[in-house]
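Novice: Below is the file coords.cif, which contains mmCIF, C-alpha atoms and all ligand atoms.
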data_input
loop_
_atom_site.label_atom_id
_atom_site.label_comp_id
_atom_site.auth_asym_id
_atom_site.auth_seq_id
_atom_site.Cartn_x
_atom_site.Cartn_y
_atom_site.Cartn_z
CA MET A 1 0.00 0.00 0.00
CA ALA A 2 1.22 3.49 -0.82
CA GLU A 3 -0.06 6.73 0.59
CA LEU A 4 0.67 10.01 -1.18
CA CYS A 5 -0.48 13.53 -0.52
CA VAL A 6 -1.55 16.34 -2.80
CA GLY A 7 -0.37 19.38 -0.86
CA LEU A 8 -2.68 22.32 -1.53
CA SER A 9 -2.77 23.87 1.96
CA GLU A 10 -6.33 23.67 3.30
CA ARG A 11 -7.40 21.73 0.21
CA SER A 12 -4.74 19.00 0.64
CA TYR A 13 -5.83 15.39 0.36
CA PRO A 14 -4.42 11.85 0.51
CA ILE A 15 -4.16 9.32 -2.32
CA PHE A 16 -4.27 5.67 -1.20
CA ILE A 17 -3.01 3.02 -3.61
CA GLU A 18 -3.72 -0.49 -2.43
CA THR A 19 -4.54 -3.73 -4.20
CA GLY A 20 -7.85 -4.91 -2.75
CA GLY A 21 -8.34 -1.50 -1.11
CA LEU A 22 -11.92 -1.19 -2.36
CA GLU A 23 -13.08 -3.05 0.73
CA ARG A 24 -11.36 -0.60 3.08
CA ILE A 25 -13.00 2.57 1.82
CA GLY A 26 -15.81 2.21 4.35
CA SER A 27 -13.61 2.03 7.44
CA ASP A 28 -11.40 4.84 6.20
CA LEU A 29 -14.37 7.11 5.49
CA ALA A 30 -15.84 6.26 8.89
CA ASN A 31 -12.66 7.74 10.43
CA ARG A 32 -12.30 10.60 8.01
CA GLN A 33 -15.92 11.73 8.25
CA VAL A 34 -16.06 13.46 4.89
CA GLY A 35 -19.85 13.36 4.90
CA LYS A 36 -22.76 12.15 6.99
CA ARG A 37 -24.26 10.09 4.17
CA TYR A 38 -22.67 9.16 0.86
CA GLY A 39 -24.11 9.14 -2.65
CA ILE A 40 -22.10 6.67 -4.72
CA VAL A 41 -22.22 7.90 -8.32
CA SER A 42 -21.38 5.34 -10.98
CA ASP A 43 -22.14 4.51 -14.59
CA ASP A 44 -24.25 1.41 -15.22
CA ARG A 45 -21.28 -0.82 -16.13
CA VAL A 46 -19.15 0.02 -13.11
CA ALA A 47 -22.21 -0.05 -10.84
CA ASN A 48 -22.89 -3.62 -11.99
CA LEU A 49 -19.31 -4.67 -11.34
CA TYR A 50 -18.42 -2.83 -8.14
CA GLY A 51 -21.44 -0.87 -6.91
CA GLN A 52 -22.66 -3.41 -4.38
CA ARG A 53 -19.15 -4.09 -3.07
CA VAL A 54 -18.53 -0.44 -2.28
CA LEU A 55 -22.05 -0.01 -0.91
CA ARG A 56 -21.52 -2.98 1.40
CA ALA A 57 -18.07 -1.75 2.49
CA LEU A 58 -19.68 1.49 3.60
CA GLN A 59 -22.66 -0.14 5.25
CA ASP A 60 -20.39 -2.56 7.11
CA ALA A 61 -18.62 0.49 8.55
CA GLY A 62 -21.96 1.82 9.74
CA ILE A 63 -22.21 4.48 7.04
CA HIS A 64 -25.47 5.28 5.28
CA ALA A 65 -24.94 5.16 1.51
CA GLN A 66 -26.97 4.97 -1.66
CA LEU A 67 -26.12 4.30 -5.33
CA PHE A 68 -26.90 6.81 -8.10
CA ILE A 69 -26.45 5.41 -11.58
CA PHE A 70 -26.21 7.06 -15.02
CA PRO A 71 -25.64 5.47 -18.46
CA HIS A 72 -21.97 4.84 -19.35
CA GLY A 73 -20.05 6.65 -22.07
CA GLU A 74 -18.69 10.09 -22.95
CA ALA A 75 -22.03 10.89 -24.66
CA HIS A 76 -23.56 11.08 -21.18
CA LYS A 77 -20.96 13.48 -19.77
CA THR A 78 -23.49 16.29 -20.08
CA LEU A 79 -25.31 18.96 -18.11
CA ALA A 80 -28.43 16.83 -18.51
CA THR A 81 -26.81 13.96 -16.59
CA VAL A 82 -25.64 16.36 -13.87
CA GLY A 83 -29.15 17.79 -13.64
CA ASP A 84 -30.72 14.36 -13.45
CA LEU A 85 -28.33 13.23 -10.71
CA ALA A 86 -28.93 16.47 -8.77
CA SER A 87 -32.67 15.82 -8.88
CA GLN A 88 -32.16 12.28 -7.64
CA LEU A 89 -29.99 13.54 -4.77
CA ALA A 90 -32.57 16.17 -3.84
CA ARG A 91 -35.42 13.65 -3.91
CA ALA A 92 -33.37 11.33 -1.69
CA GLY A 93 -32.95 14.21 0.75
CA PHE A 94 -29.21 14.73 0.34
CA ASP A 95 -28.08 17.95 1.99
CA ARG A 96 -24.95 19.98 2.70
CA LYS A 97 -23.67 17.53 5.31
CA ASP A 98 -23.61 14.68 2.82
CA ALA A 99 -20.91 13.73 0.33
CA LEU A 100 -20.42 11.99 -3.00
CA ILE A 101 -18.21 9.12 -4.11
CA ALA A 102 -17.16 9.01 -7.78
CA LEU A 103 -16.88 5.29 -8.51
CA GLY A 104 -15.77 4.82 -12.11
CA GLY A 105 -13.63 6.10 -14.95
CA GLY A 106 -12.81 9.64 -15.98
CA VAL A 107 -16.34 10.30 -17.17
CA THR A 108 -17.76 9.44 -13.74
CA GLY A 109 -15.06 11.42 -11.95
CA ASP A 110 -15.61 14.53 -14.07
CA ILE A 111 -19.40 14.39 -13.71
CA THR A 112 -19.38 13.63 -9.98
CA GLY A 113 -16.77 16.27 -9.20
CA PHE A 114 -18.76 18.90 -11.05
CA LEU A 115 -21.99 17.78 -9.40
CA ALA A 116 -20.28 17.97 -5.99
CA SER A 117 -18.92 21.45 -6.79
CA SER A 118 -22.42 22.80 -7.38
CA TYR A 119 -24.96 20.68 -5.49
CA MET A 120 -26.14 22.84 -2.54
CA ARG A 121 -23.34 25.24 -3.60
CA GLY A 122 -20.74 22.56 -2.99
CA ILE A 123 -20.53 19.32 -1.02
CA PRO A 124 -17.39 17.20 -0.47
CA PHE A 125 -16.55 14.24 -2.68
CA VAL A 126 -13.97 11.47 -2.95
CA GLN A 127 -12.63 9.72 -6.02
CA VAL A 128 -12.59 5.95 -6.50
CA PRO A 129 -11.15 5.67 -10.01
CA THR A 130 -11.63 2.37 -11.85
CA THR A 131 -9.92 2.87 -15.22
CA LEU A 132 -6.16 3.20 -15.60
CA LEU A 133 -6.64 6.66 -17.11
CA ALA A 134 -8.65 7.73 -14.09
CA GLN A 135 -6.20 6.14 -11.62
CA VAL A 136 -3.15 7.90 -13.04
CA ASP A 137 -4.65 11.10 -14.35
CA SER A 138 -8.23 12.34 -14.05
CA SER A 139 -8.91 11.50 -10.38
CA VAL A 140 -6.04 13.68 -9.15
CA GLY A 141 -5.87 17.43 -9.66
CA GLY A 142 -9.41 18.70 -9.29
CA LYS A 143 -10.45 19.32 -12.88
CA THR A 144 -14.14 18.51 -13.18
CA GLY A 145 -16.72 19.21 -15.84
CA VAL A 146 -18.93 18.13 -18.68
CA ASP A 147 -19.17 18.43 -22.45
CA ILE A 148 -21.57 20.66 -24.39
CA PRO A 149 -22.36 20.34 -28.11
CA GLU A 150 -19.83 23.13 -28.80
CA GLY A 151 -16.93 21.23 -27.27
CA LYS A 152 -15.51 18.84 -24.68
CA ASN A 153 -15.09 19.92 -21.05
CA LEU A 154 -16.35 23.44 -21.77
CA VAL A 155 -18.40 23.69 -18.56
CA GLY A 156 -16.76 22.78 -15.29
CA ALA A 157 -14.89 23.80 -12.18
CA PHE A 158 -11.64 23.27 -10.37
CA TYR A 159 -12.84 21.31 -7.34
CA GLN A 160 -10.50 19.05 -5.38
CA PRO A 161 -11.65 15.75 -3.87
CA LYS A 162 -11.19 15.03 -0.14
CA ALA A 163 -9.41 11.73 -0.85
CA VAL A 164 -8.57 9.39 -3.72
CA TYR A 165 -8.84 5.61 -3.23
CA ILE A 166 -7.09 3.58 -5.92
CA ASP A 167 -7.48 -0.20 -6.07
CA PRO A 168 -5.41 -1.48 -9.03
CA SER A 169 -7.14 -4.88 -8.90
CA VAL A 170 -10.29 -3.42 -10.48
CA LEU A 171 -8.33 -3.05 -13.71
CA LYS A 172 -8.74 -6.81 -14.22
CA SER A 173 -12.24 -6.30 -15.57
CA LEU A 174 -11.22 -3.40 -17.81
CA ASP A 175 -11.26 -3.86 -21.57
CA TYR A 176 -7.66 -4.39 -22.79
CA GLN A 177 -7.88 -1.50 -25.26
CA GLU A 178 -8.96 0.80 -22.40
CA LEU A 179 -5.97 -0.38 -20.40
CA LEU A 180 -3.62 0.38 -23.31
CA SER A 181 -5.21 3.78 -23.73
CA GLY A 182 -4.33 4.52 -20.10
CA ILE A 183 -0.77 3.26 -20.64
CA ALA A 184 -0.20 6.15 -23.05
CA GLU A 185 -0.75 8.61 -20.18
CA VAL A 186 1.56 6.52 -17.98
CA ILE A 187 4.36 6.73 -20.56
CA LYS A 188 3.69 10.47 -20.81
CA TYR A 189 4.78 10.94 -17.16
CA GLY A 190 8.07 9.16 -17.77
CA VAL A 191 8.91 11.30 -20.78
CA ILE A 192 8.00 14.65 -19.24
CA ARG A 193 9.33 14.23 -15.74
CA ASP A 194 11.10 11.02 -14.75
CA ALA A 195 13.80 9.18 -16.70
CA SER A 196 14.08 6.37 -14.16
CA PHE A 197 10.31 5.75 -14.36
CA PHE A 198 10.67 5.62 -18.15
CA GLU A 199 13.29 2.92 -17.65
CA PHE A 200 10.99 1.08 -15.22
CA LEU A 201 8.36 0.98 -17.99
CA GLU A 202 10.95 -0.35 -20.45
CA LYS A 203 11.96 -3.11 -18.05
CA ASN A 204 8.57 -4.16 -16.70
CA ARG A 205 6.34 -4.25 -19.76
CA LYS A 206 5.24 -7.85 -19.29
CA GLN A 207 4.43 -7.39 -15.60
CA VAL A 208 2.54 -4.16 -16.33
CA LEU A 209 0.44 -5.69 -19.09
CA SER A 210 -0.29 -8.80 -17.03
CA LEU A 211 -1.37 -6.54 -14.13
CA THR A 212 1.17 -7.82 -11.58
CA PRO A 213 -0.04 -6.19 -8.33
CA ALA A 214 3.26 -4.87 -6.91
CA ILE A 215 4.33 -3.51 -10.30
CA LEU A 216 0.96 -1.84 -10.87
CA GLU A 217 1.01 -0.24 -7.43
CA GLY A 218 4.51 1.10 -8.08
CA MET A 219 3.57 2.35 -11.51
CA ILE A 220 0.39 4.11 -10.38
CA SER A 221 2.22 5.64 -7.39
CA ALA A 222 4.92 7.03 -9.66
CA CYS A 223 2.30 8.63 -11.94
CA CYS A 224 0.28 10.10 -9.07
CA THR A 225 3.46 11.42 -7.44
CA ILE A 226 4.30 13.33 -10.62
CA LYS A 227 0.74 14.55 -11.14
CA ALA A 228 0.49 15.68 -7.51
CA ASP A 229 3.82 17.50 -7.73
CA VAL A 230 2.80 19.34 -10.89
CA VAL A 231 -0.66 20.23 -9.54
CA GLU A 232 0.83 21.47 -6.25
CA GLN A 233 2.97 23.91 -8.19
CA ASP A 234 0.29 25.02 -10.62
CA GLU A 235 -3.23 24.05 -9.56
CA ARG A 236 -5.06 26.07 -12.23
CA GLU A 237 -2.83 25.43 -15.23
CA GLY A 238 -1.22 28.84 -15.45
CA GLY A 239 2.10 27.37 -16.52
CA LEU A 240 3.81 24.16 -15.41
CA ARG A 241 0.62 22.05 -15.45
CA ARG A 242 0.59 22.45 -19.23
CA ILE A 243 3.44 19.91 -19.48
CA LEU A 244 0.77 17.27 -18.76
CA ASN A 245 -0.50 18.04 -22.26
CA TYR A 246 2.58 16.43 -23.81
CA GLY A 247 1.34 14.44 -26.81
CA HIS A 248 -2.07 16.09 -26.57
CA THR A 249 -1.63 18.99 -29.02
CA ILE A 250 -1.19 16.84 -32.13
CA GLY A 251 -2.97 13.96 -30.33
CA HIS A 252 -6.22 15.92 -29.96
CA ALA A 253 -6.06 16.97 -33.61
CA VAL A 254 -5.56 13.35 -34.69
CA GLU A 255 -8.38 12.21 -32.39
CA ALA A 256 -10.70 14.85 -33.85
CA ALA A 257 -9.64 14.10 -37.44
CA SER A 258 -10.58 10.45 -36.80
CA ALA A 259 -14.04 11.74 -35.80
CA PHE A 260 -13.26 10.36 -32.30
CA THR A 261 -13.19 6.78 -33.58
CA MET A 262 -9.62 6.55 -32.28
CA ARG A 263 -9.25 6.10 -28.52
CA HIS A 264 -7.83 9.08 -26.65
CA GLY A 265 -4.70 7.27 -25.45
CA PHE A 266 -3.94 5.93 -28.92
CA ALA A 267 -4.09 9.47 -30.32
CA VAL A 268 -1.90 10.70 -27.45
CA ALA A 269 0.63 7.95 -28.23
CA ILE A 270 0.85 9.20 -31.82
CA GLY A 271 1.02 12.78 -30.55
CA MET A 272 3.90 11.97 -28.18
CA VAL A 273 5.98 10.49 -31.01
CA ALA A 274 5.14 13.44 -33.28
CA ALA A 275 6.17 15.93 -30.57
CA ALA A 276 9.43 14.02 -30.01
CA LYS A 277 10.14 14.21 -33.74
CA LEU A 278 9.38 17.94 -33.78
CA SER A 279 11.78 18.35 -30.89
CA ALA A 280 14.48 16.54 -32.85
CA LYS A 281 13.82 18.78 -35.89
CA LYS A 282 14.55 21.72 -33.60
CA GLN A 283 17.77 20.04 -32.41
CA LEU A 284 16.42 19.86 -28.87
CA LEU A 285 16.16 16.07 -28.59
CA SER A 286 18.59 13.46 -29.89
CA PRO A 287 17.44 11.03 -32.60
CA ALA A 288 18.35 8.21 -30.17
CA ASP A 289 15.86 9.52 -27.61
CA VAL A 290 13.14 9.89 -30.28
CA GLN A 291 13.75 6.24 -31.07
CA ARG A 292 13.61 5.24 -27.41
CA ILE A 293 10.28 7.02 -26.90
CA SER A 294 8.82 5.58 -30.07
CA SER A 295 10.09 2.05 -29.26
CA LEU A 296 8.63 2.08 -25.75
CA ILE A 297 5.23 3.23 -27.04
CA ALA A 298 5.25 0.61 -29.79
CA SER A 299 6.38 -2.13 -27.41
CA TYR A 300 3.17 -1.67 -25.41
CA GLY A 301 1.12 -2.14 -28.57
CA LEU A 302 0.27 1.53 -29.03
CA PRO A 303 0.41 3.27 -32.43
CA VAL A 304 3.30 5.59 -33.26
CA ALA A 305 2.34 6.91 -36.71
CA ILE A 306 -0.62 8.93 -37.94
CA PRO A 307 -2.86 6.57 -39.94
CA GLU A 308 -2.39 7.21 -43.65
CA ASN A 309 -6.10 7.61 -44.26
CA LEU A 310 -6.31 10.70 -42.03
CA ASP A 311 -6.20 13.93 -44.02
CA ARG A 312 -3.17 16.02 -42.94
CA GLU A 313 -4.94 19.27 -43.80
CA VAL A 314 -7.83 18.32 -41.52
CA ILE A 315 -5.36 17.57 -38.72
CA LYS A 316 -3.70 20.97 -39.26
CA ALA A 317 -7.09 22.70 -39.22
CA TYR A 318 -7.91 21.04 -35.88
CA LEU A 319 -4.53 22.07 -34.48
CA LYS A 320 -5.47 25.71 -35.03
CA THR A 321 -8.81 25.36 -33.26
CA ASP A 322 -7.47 23.45 -30.25
CA LYS A 323 -8.89 24.94 -27.05
CA LYS A 324 -5.37 25.36 -25.71
CA VAL A 325 -4.54 27.77 -28.55
CA MET A 326 -3.73 31.11 -26.91
CA ALA A 327 -3.71 34.42 -28.80
CA GLY A 328 -3.67 32.50 -32.07
CA LYS A 329 -0.60 30.50 -31.07
CA VAL A 330 -0.41 26.72 -30.94
CA PHE A 331 1.79 25.52 -28.08
CA TYR A 332 3.76 22.28 -28.15
CA ILE A 333 5.24 20.42 -25.22
CA LEU A 334 8.58 19.14 -26.48
CA PRO A 335 10.87 16.71 -24.67
CA LYS A 336 14.46 17.92 -24.58
CA ALA A 337 15.63 14.69 -22.97
CA ILE A 338 13.79 11.77 -21.45
CA GLY A 339 12.45 13.23 -18.21
CA SER A 340 12.44 16.90 -19.16
CA THR A 341 10.39 19.16 -21.45
CA ILE A 342 9.96 22.68 -22.72
CA ILE A 343 6.83 24.49 -23.93
CA THR A 344 7.10 26.40 -27.20
CA ASP A 345 5.00 27.91 -29.98
CA ASP A 346 8.04 28.29 -32.19
CA ILE A 347 7.29 25.62 -34.78
CA SER A 348 7.38 26.43 -38.48
CA ASN A 349 4.84 25.11 -40.97
CA ILE A 350 7.66 23.25 -42.68
CA GLN A 351 8.69 21.48 -39.48
CA LEU A 352 5.07 20.58 -38.81
CA ASP A 353 4.55 19.26 -42.34
CA GLU A 354 7.66 17.10 -42.10
CA VAL A 355 6.34 15.48 -38.94
CA LEU A 356 2.75 15.07 -40.14
CA LEU A 357 3.62 13.47 -43.47
CA PRO A 358 3.32 9.67 -43.68
CA ASP A 359 6.62 7.90 -42.98
N1 LIG B 401 -10.35 15.68 -14.98
C1 LIG B 401 -9.22 15.43 -15.58
O1 LIG B 401 -8.16 15.91 -15.17
C2 LIG B 401 -9.22 14.53 -16.76
C3 LIG B 401 -8.00 14.08 -17.29
C4 LIG B 401 -8.04 13.19 -18.36
C5 LIG B 401 -9.26 12.78 -18.88
N2 LIG B 401 -10.42 13.25 -18.34
C6 LIG B 401 -11.72 12.79 -18.86
O2 LIG B 401 -11.83 11.40 -18.61
C7 LIG B 401 -12.75 10.85 -19.53
C8 LIG B 401 -12.21 9.52 -20.02
O3 LIG B 401 -12.08 8.65 -18.92
P1 LIG B 401 -12.07 7.07 -19.10
O4 LIG B 401 -11.17 6.72 -20.21
O5 LIG B 401 -11.82 6.51 -17.75
O6 LIG B 401 -13.54 6.78 -19.63
P2 LIG B 401 -14.87 6.19 -18.95
O7 LIG B 401 -15.10 6.76 -17.62
O8 LIG B 401 -15.96 6.37 -19.95
O9 LIG B 401 -14.56 4.64 -18.82
C9 LIG B 401 -14.39 3.86 -19.97
C10 LIG B 401 -15.33 2.64 -19.97
O10 LIG B 401 -14.83 1.68 -19.07
C11 LIG B 401 -15.86 1.23 -18.19
N3 LIG B 401 -15.18 0.88 -16.94
C12 LIG B 401 -14.67 1.72 -16.01
N4 LIG B 401 -14.01 1.05 -15.07
C13 LIG B 401 -14.11 -0.26 -15.38
C14 LIG B 401 -13.60 -1.46 -14.80
N5 LIG B 401 -12.82 -1.43 -13.73
N6 LIG B 401 -13.93 -2.62 -15.39
C15 LIG B 401 -14.68 -2.65 -16.52
N7 LIG B 401 -15.15 -1.55 -17.13
C16 LIG B 401 -14.86 -0.38 -16.57
C17 LIG B 401 -16.82 2.37 -18.11
O11 LIG B 401 -18.12 1.92 -17.79
C18 LIG B 401 -16.75 2.95 -19.52
O12 LIG B 401 -17.64 2.25 -20.36
C19 LIG B 401 -12.95 11.88 -20.62
O13 LIG B 401 -14.23 12.45 -20.49
C20 LIG B 401 -11.88 12.93 -20.34
O14 LIG B 401 -12.28 14.23 -20.71
C21 LIG B 401 -10.41 14.10 -17.30
ZN ZN B 402 -5.09 12.55 -21.99
#
Can I see the file as structure tokens?
Specialist:
Amino acid sequence: MAELCVGLSERSYPIFIETGGLERIGSDLANRQVGKRYGIVSDDRVANLYGQRVLRALQDAGIHAQLFIFPHGEAHKTLATVGDLASQLARAGFDRKDALIALGGGVTGDITGFLASSYMRGIPFVQVPTTLLAQVDSSVGGKTGVDIPEGKNLVGAFYQPKAVYIDPSVLKSLDYQELLSGIAEVIKYGVIRDASFFEFLEKNRKQVLSLTPAILEGMISACCTIKADVVEQDEREGGLRRILNYGHTIGHAVEAASAFTMRHGFAVAIGMVAAAKLSAKKQLLSPADVQRISSLIASYGLPVAIPENLDREVIKAYLKTDKKVMAGKVFYILPKAIGSTIITDDISNIQLDEVLLPD
């Protein structure tokens, strides 16, 4: 078991990483007293798999809890779902002394966090992430929100959880492609911040992909340590936190150009290799390190090249409309060695074309 802390003065909170830890949430919450009663928010799939277990863990600890379920999928990460859940909470008599538990992937975490930030003008919540992406990324850092037809995550709030409970053993039921998609974000942390973690991922691929408990705990701890460190220094993404977007500038454009048929992590994998190549074009990163990044990504079964059938002009058009574009400038997070990055908008069209063209 590992215990980390996200240090944000009065908004600080612990992250517990423990195989089998799902059963211990009840006793921990009984001590922590985050809320009087708990609304466990989950999508239908996760509720079927783990809803009763978490409910029972809370009840066994003498805590009053109730499940609130919404349909799974990004298409339901909407204001309508938040409104529906708020109505259910109100009808069940939930008030300001009560709290929420986000039990699920990033969609559940984002919805529940946003709901918690606004229900009765704000009630506490805890995160119980069940996808790899949620365990290493979305459950830590306090970004919450929903999509609107005009764009993803356009309505939301920074709202930190009171605790994060990570049980890596729930990843056993996760679809393998979802697991791989999360691995892309894991690799991201190694490239941007931690060369020895990058090496750990090179050495332990088999154990990671076969979900060896000790290796998974170590891997998730390393990712959460980096995320916590970055968020502590820049909670609201004024500067440093942008390094977490490594691979996401070109990645988002590729994801959009595929009409979101490509999984997020797969697009990020392609984006990370493209950014490494851009960095090499600017003489910031050695060709050997580009190769190392690309080889690690490929070794996990993730894509490294933009599919030939995706129109490069469409990708370029999406790059210019990315929501992270500031004052008309597109920013790129470029590795300058494994474990360190810079942020720049100084990329020429020629450099971009060279990287976007099919190999
Ligand atoms: N807040 C942040 O900082 C942040 C960061 C990155 C991504 N996000 C958001 O996260 C979302 C993506 O998250 P996601 O990839 O976890 O998607 P998700 O929550 O939709 O989960 C993917 C699928 O896996 C299922 N599932 C979840 N856990 C499972 C388990 N243990 N076993 C079997 N099935 C399981 C879910 O029911 C769902 O169908 C996006 O909306 C994205 O915007 C937020
Ligand atoms: Zn991502």
Novice: Please determine, counting all atoms listed in the file, which residue among A:Asp137, A:Glu237, A:Asp95, A:Asp311 has the shortest atom-to-atom distance to Met120 of chain A.
Specialist: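 Ranked by minimum distance to Met120 of chain A, first place goes to A:Asp95.
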Novice: List as a PyMOL selection string the protein and nucleic acid residues near segment 219-230 of chain A, meaning an atom at most 6 Å away when all atoms listed in the file are counted, but skip any in the same chain fewer than 2 places from it.
Specialist: chain A and resi 6+136+216-217+232-233+241
Novice: Taking only C-alpha atoms and all ligand atoms into account, which residues have an atom no farther than 8 Å from ligand ZN 402 (chain B)? I'd like them as a list in words.
Specialist: Leu133, Asp137, Glu185, Asn245, His248, His264, Gly265 and Val268 of chain A
Novice: Which residues are near ligand LIG 401 (chain B) - at most 7 Å, using only C-alpha atoms and all ligand atoms? Format: as a ChimeraX atom specification.
Specialist: /A:43-46,72-74,77,104-108,110,130-134,137-144,152-153,170-175,178
Novice: Leaving out Phe266 of chain A and any residue of its chain fewer than 2 positions from it, which residues lie within 8 Å of it when counting only C-alpha atoms, given as a ChimeraX atom specification?
Specialist: /A:180-181,184,262-264,268-270,302-303
Novice: Would you put the residues from that selection into a file with C-alpha atoms, as a tab-separated table (two decimals), in the frame of the given file?
Specialist:
chain	number	residue	atom	x	y	z
A	180	LEU	CA	-3.62	0.38	-23.31
A	181	SER	CA	-5.21	3.78	-23.73
A	184	ALA	CA	-0.20	6.15	-23.05
A	262	MET	CA	-9.62	6.55	-32.28
A	263	ARG	CA	-9.25	6.10	-28.52
A	264	HIS	CA	-7.83	9.08	-26.65
A	268	VAL	CA	-1.90	10.70	-27.45
A	269	ALA	CA	0.63	7.95	-28.23
A	270	ILE	CA	0.85	9.20	-31.82
A	302	LEU	CA	0.27	1.53	-29.03
A	303	PRO	CA	0.41	3.27	-32.43
Novice: What is the atom CA of Gly109 of chain A to atom CA of Ala92 of chain A distance in Å?
Specialist: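 Calculated distance between atom CA of Gly109 of chain A and atom CA of Ala92 of chain A is 21.0 Å.
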Novice: Using all atoms listed in the file, which of the listed residues (A:Leu115, A:Leu103, A:Leu310, A:Ala157) sits closest to Thr261 of chain A?
Specialist: A:Leu310
Novice: Looking at A:Ile187, A:Ala257, A:Leu278, A:Val231, which one is nearest to Gly7 of chain A, with distances taken over all atoms listed in the file?
Specialist: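 Smallest separation from Gly7 of chain A among the options: A:Val231.
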Novice: Find the distance between atom CA of Ala116 of chain A and atom CA of Ala99 of chain A and write it in Å to one decimal.
Specialist: 7.6 Å
Novice: If you measure from atom CA of Gly190 of chain A to atom CA of Leu154 of chain A, what distance in Å do you get, rounded to one decimal?
Specialist: 28.6 Å
Novice: Hey, what's within 12 Å of Leu79 of chain A if we count all atoms listed in the file and toss same-chain stuff fewer than 4 positions away? As a compact mmCIF listing (two decimals) with C-alpha atoms, keeping the file's coordinate frame, please?
Specialist:
# COMPACT_ATOMS: atom_id res chain seq x y z
CA ALA A 75 -22.03 10.89 -24.66
CA GLY A 83 -29.15 17.79 -13.64
CA ASP A 84 -30.72 14.36 -13.45
CA LEU A 85 -28.33 13.23 -10.71
CA ALA A 86 -28.93 16.47 -8.77
CA ASP A 110 -15.61 14.53 -14.07
CA ILE A 111 -19.40 14.39 -13.71
CA THR A 112 -19.38 13.63 -9.98
CA PHE A 114 -18.76 18.90 -11.05
CA LEU A 115 -21.99 17.78 -9.40
CA SER A 118 -22.42 22.80 -7.38
CA GLY A 145 -16.72 19.21 -15.84
CA VAL A 146 -18.93 18.13 -18.68
CA ASP A 147 -19.17 18.43 -22.45
CA ILE A 148 -21.57 20.66 -24.39
CA PRO A 149 -22.36 20.34 -28.11
CA LYS A 152 -15.51 18.84 -24.68
CA ASN A 153 -15.09 19.92 -21.05
CA LEU A 154 -16.35 23.44 -21.77
CA VAL A 155 -18.40 23.69 -18.56
CA GLY A 156 -16.76 22.78 -15.29
Novice: Let me make sure I understand: among A:Leu209, A:Ala80, A:Glu308, A:Lys281, which one has the smallest atom-to-atom distance to Ser348 of chain A if we use all atoms listed in the file?
Specialist: A:Lys281
Novice: Would you give the centre and edge lengths, in Å to one decimal, of a box along x, y and z around the listed atoms of segment 244-258 of chain A, with 8 Å added to each side, as lines of an AutoDock Vina configuration file?
Specialist:
center_x = -4.1
center_y = 14.7
center_z = -28.1
size_x = 29.3
size_y = 24.5
size_z = 34.7
